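> The structure follows.
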Amino acid sequence: MVDSKEVLYADGTRPLTKKEVEQLVQWLGKARTFKAYQYQTAVLFNVKAGLRVGELCGLTIEELYTADGLCRQKLYIYQSKNKKKRTIILPDTTIQLMTTYYVKEKLAKKARTASVFDFNSQAFRKMLRETNERYLGFTQFSTHSLRKTFANDVFNHVTDGIGEEDTQHNRVARKQGISIVQGLLQHSSPEITERYLGKELDFYEFNVNDF
């Protein structure tokens, strides 16, 4: 996660920095609700899974956990419009996070078709909005910032260490990063992904001087 406050995003939502995620989780823990731990876990989970808020709140126990209560490494999400499958591979730290959550929230006692998180999209949006307004004051922030944080982190991981020089090697690396994020989010074109990440489109064009 990198600081991206200076970038103006077309949809008005930006990714969070690592520190901002930590701050958000901290203040959610102070919420006057017995679901505070659920909200905290949902934030930490989704910055590594990149789900839409509806997908996050609709995620079922059987989709995320085996019958033995083990968190799956691969998560399969089907888009509501065309039923197209999207595969998400969870890192070990997130698997451990959700395994602990399974035990603490006693999910084994619930139906396999029950939701992992006991709140709907509207409640989640309201909780994050009120927490931000009351304690944090993040700009360009919404529940979608979690999904965008995931996308931004993937892109930064792929392009880590390439520098800002406008060379053919760097352009190829950045295009690869865009392509990977596009596939993970299932955007219809790389241009959509570039706008989503707030990147300069012209920066990735082919330079004839390198040919």
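Ligands are numbered from 1 in the order shown, residues from 1 within each chain, and chains are lettered A, B, ... in the order they appear in the structure tokens.
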So which bits of chain A end up helix (DSSP H, G or I) when you DSSP the backbone, as a PyMOL selection string?

chain A and resi 18-28+36-49+53-58+61-64+92-104+107-109+121-136+144-158+168-185+190-197+201-204+208-210

> Could you write out, as a list in words, all the residues of stretch 39-121 of chain A that DSSP marks as strand (DSSP E or B)?

Thr60, Tyr65, Cys71, Lys74, Leu75, Tyr76, Ile77, Tyr78, Lys85, Arg86, Thr87, Ile88, Ile89 and Ser115 of chain A

> Wanna dump the stretch 88-187 of chain A-stretch 191-201 of chain A contacts at 12 Å for me, each residue with its shortest atom pair and the distance in Å to one decimal, counting only C-alpha atoms, ordered by chain and number, as CSV?


```
residue,atom,partner,partner_atom,distance
A:His144,CA,A:Tyr196,CA,11.2
A:Ser145,CA,A:Tyr196,CA,11.0
A:Arg147,CA,A:Tyr196,CA,10.7
A:Lys148,CA,A:Leu197,CA,7.5
A:Thr149,CA,A:Leu197,CA,9.3
A:Phe150,CA,A:Leu197,CA,10.5
A:Ala151,CA,A:Leu197,CA,7.4
A:Asn152,CA,A:Leu197,CA,6.4
A:Asp153,CA,A:Leu197,CA,10.1
A:Val154,CA,A:Leu197,CA,10.7
A:Phe155,CA,A:Leu197,CA,8.6
A:Asn156,CA,A:Leu197,CA,10.4
A:Arg171,CA,A:Leu201,CA,11.0
A:Arg174,CA,A:Lys199,CA,9.9
A:Lys175,CA,A:Glu194,CA,9.4
A:Gln176,CA,A:Glu194,CA,11.6
A:Gly177,CA,A:Glu194,CA,9.9
A:Ile178,CA,A:Thr193,CA,6.5
A:Ser179,CA,A:Thr193,CA,8.2
A:Ile180,CA,A:Thr193,CA,9.7
A:Val181,CA,A:Thr193,CA,7.1
A:Gln182,CA,A:Thr193,CA,5.7
A:Gly183,CA,A:Thr193,CA,9.4
A:Leu184,CA,A:Thr193,CA,10.3
A:Leu185,CA,A:Thr193,CA,8.4
A:Gln186,CA,A:Thr193,CA,9.2
A:His187,CA,A:Thr193,CA,6.5
```

> How would the residues just chosen look if you wrote them out with N, CA, C and O atoms as a compact mmCIF listing (two decimals), in the first residue's frame?


```txt
# COMPACT_ATOMS: atom_id res chain seq x y z
N HIS A 144 -15.72 0.97 -1.27
CA HIS A 144 -15.02 0.53 -2.48
C HIS A 144 -13.52 0.78 -2.38
O HIS A 144 -12.74 0.20 -3.15
N SER A 145 -13.10 1.61 -1.43
CA SER A 145 -11.67 1.85 -1.22
C SER A 145 -10.94 0.55 -0.86
O SER A 145 -9.74 0.41 -1.14
N ARG A 147 -11.58 -2.56 -2.04
CA ARG A 147 -11.32 -3.27 -3.29
C ARG A 147 -10.23 -2.57 -4.09
O ARG A 147 -9.36 -3.21 -4.69
N LYS A 148 -10.27 -1.25 -4.07
CA LYS A 148 -9.26 -0.50 -4.81
C LYS A 148 -7.89 -0.62 -4.15
O LYS A 148 -6.86 -0.61 -4.83
N THR A 149 -7.86 -0.76 -2.84
CA THR A 149 -6.60 -0.99 -2.13
C THR A 149 -5.98 -2.31 -2.58
O THR A 149 -4.77 -2.40 -2.82
N PHE A 150 -6.80 -3.34 -2.69
CA PHE A 150 -6.35 -4.64 -3.18
C PHE A 150 -5.73 -4.49 -4.57
O PHE A 150 -4.62 -4.96 -4.83
N ALA A 151 -6.44 -3.82 -5.47
CA ALA A 151 -5.97 -3.66 -6.85
C ALA A 151 -4.67 -2.87 -6.89
O ALA A 151 -3.72 -3.21 -7.61
N ASN A 152 -4.61 -1.80 -6.11
CA ASN A 152 -3.41 -0.95 -6.09
C ASN A 152 -2.21 -1.71 -5.53
O ASN A 152 -1.09 -1.58 -6.04
N ASP A 153 -2.44 -2.52 -4.51
CA ASP A 153 -1.35 -3.29 -3.91
C ASP A 153 -0.82 -4.35 -4.86
O ASP A 153 0.39 -4.60 -4.92
N VAL A 154 -1.71 -4.98 -5.62
CA VAL A 154 -1.28 -5.97 -6.61
C VAL A 154 -0.42 -5.29 -7.67
O VAL A 154 0.66 -5.79 -8.04
N PHE A 155 -0.88 -4.16 -8.18
CA PHE A 155 -0.12 -3.44 -9.20
C PHE A 155 1.25 -3.03 -8.67
O PHE A 155 2.27 -3.20 -9.35
N ASN A 156 1.29 -2.50 -7.46
CA ASN A 156 2.56 -2.06 -6.88
C ASN A 156 3.51 -3.23 -6.63
O ASN A 156 4.73 -3.10 -6.76
N ARG A 171 7.85 0.19 -19.08
CA ARG A 171 6.52 0.21 -19.67
C ARG A 171 5.93 -1.19 -19.77
O ARG A 171 4.75 -1.41 -19.52
N ARG A 174 4.85 -2.27 -16.30
CA ARG A 174 3.61 -1.61 -15.89
C ARG A 174 2.41 -2.17 -16.64
O ARG A 174 1.33 -2.33 -16.08
N LYS A 175 2.60 -2.46 -17.92
CA LYS A 175 1.51 -3.08 -18.68
C LYS A 175 1.17 -4.45 -18.12
O LYS A 175 0.01 -4.87 -18.11
N GLN A 176 2.19 -5.17 -17.66
CA GLN A 176 1.95 -6.47 -17.05
C GLN A 176 1.13 -6.30 -15.77
O GLN A 176 0.21 -7.08 -15.51
N GLY A 177 1.49 -5.29 -14.98
CA GLY A 177 0.73 -5.01 -13.76
C GLY A 177 -0.72 -4.68 -14.07
O GLY A 177 -1.64 -5.17 -13.40
N ILE A 178 -0.94 -3.85 -15.08
CA ILE A 178 -2.29 -3.50 -15.49
C ILE A 178 -3.05 -4.75 -15.94
O ILE A 178 -4.22 -4.96 -15.58
N SER A 179 -2.39 -5.61 -16.70
CA SER A 179 -3.03 -6.82 -17.22
C SER A 179 -3.44 -7.77 -16.09
O SER A 179 -4.54 -8.35 -16.12
N ILE A 180 -2.59 -7.92 -15.09
CA ILE A 180 -2.89 -8.80 -13.96
C ILE A 180 -4.09 -8.27 -13.17
O ILE A 180 -5.01 -9.02 -12.83
N VAL A 181 -4.08 -6.97 -12.88
CA VAL A 181 -5.20 -6.37 -12.14
C VAL A 181 -6.48 -6.47 -12.96
O VAL A 181 -7.56 -6.77 -12.42
N GLN A 182 -6.38 -6.22 -14.26
CA GLN A 182 -7.55 -6.33 -15.13
C GLN A 182 -8.17 -7.73 -15.04
O GLN A 182 -9.39 -7.88 -14.93
N GLY A 183 -7.32 -8.76 -15.06
CA GLY A 183 -7.81 -10.12 -14.96
C GLY A 183 -8.44 -10.43 -13.62
O GLY A 183 -9.49 -11.07 -13.54
N LEU A 184 -7.83 -9.94 -12.54
CA LEU A 184 -8.35 -10.19 -11.20
C LEU A 184 -9.70 -9.52 -10.97
O LEU A 184 -10.58 -10.08 -10.32
N LEU A 185 -9.84 -8.31 -11.50
CA LEU A 185 -11.09 -7.57 -11.32
C LEU A 185 -12.09 -7.82 -12.45
O LEU A 185 -13.23 -7.40 -12.37
N GLN A 186 -11.61 -8.49 -13.51
CA GLN A 186 -12.42 -8.79 -14.68
C GLN A 186 -12.97 -7.53 -15.35
O GLN A 186 -14.15 -7.46 -15.71
N HIS A 187 -12.09 -6.55 -15.50
CA HIS A 187 -12.45 -5.37 -16.28
C HIS A 187 -12.45 -5.75 -17.76
O HIS A 187 -11.70 -6.63 -18.19
```

> One decimal, in Å: what's the spacing between atom CA of A:Ser189 and atom CA of A:Glu63?

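Answer for the atom CA of A:Ser189 to atom CA of A:Glu63 separation: 28.2 Å.
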
> I'd like the interatomic distance between atom CA of A:Val25 and atom CA of A:Gln40, to a tenth of an Å.

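Between atom CA of A:Val25 and atom CA of A:Gln40 the gap is 5.1 Å.
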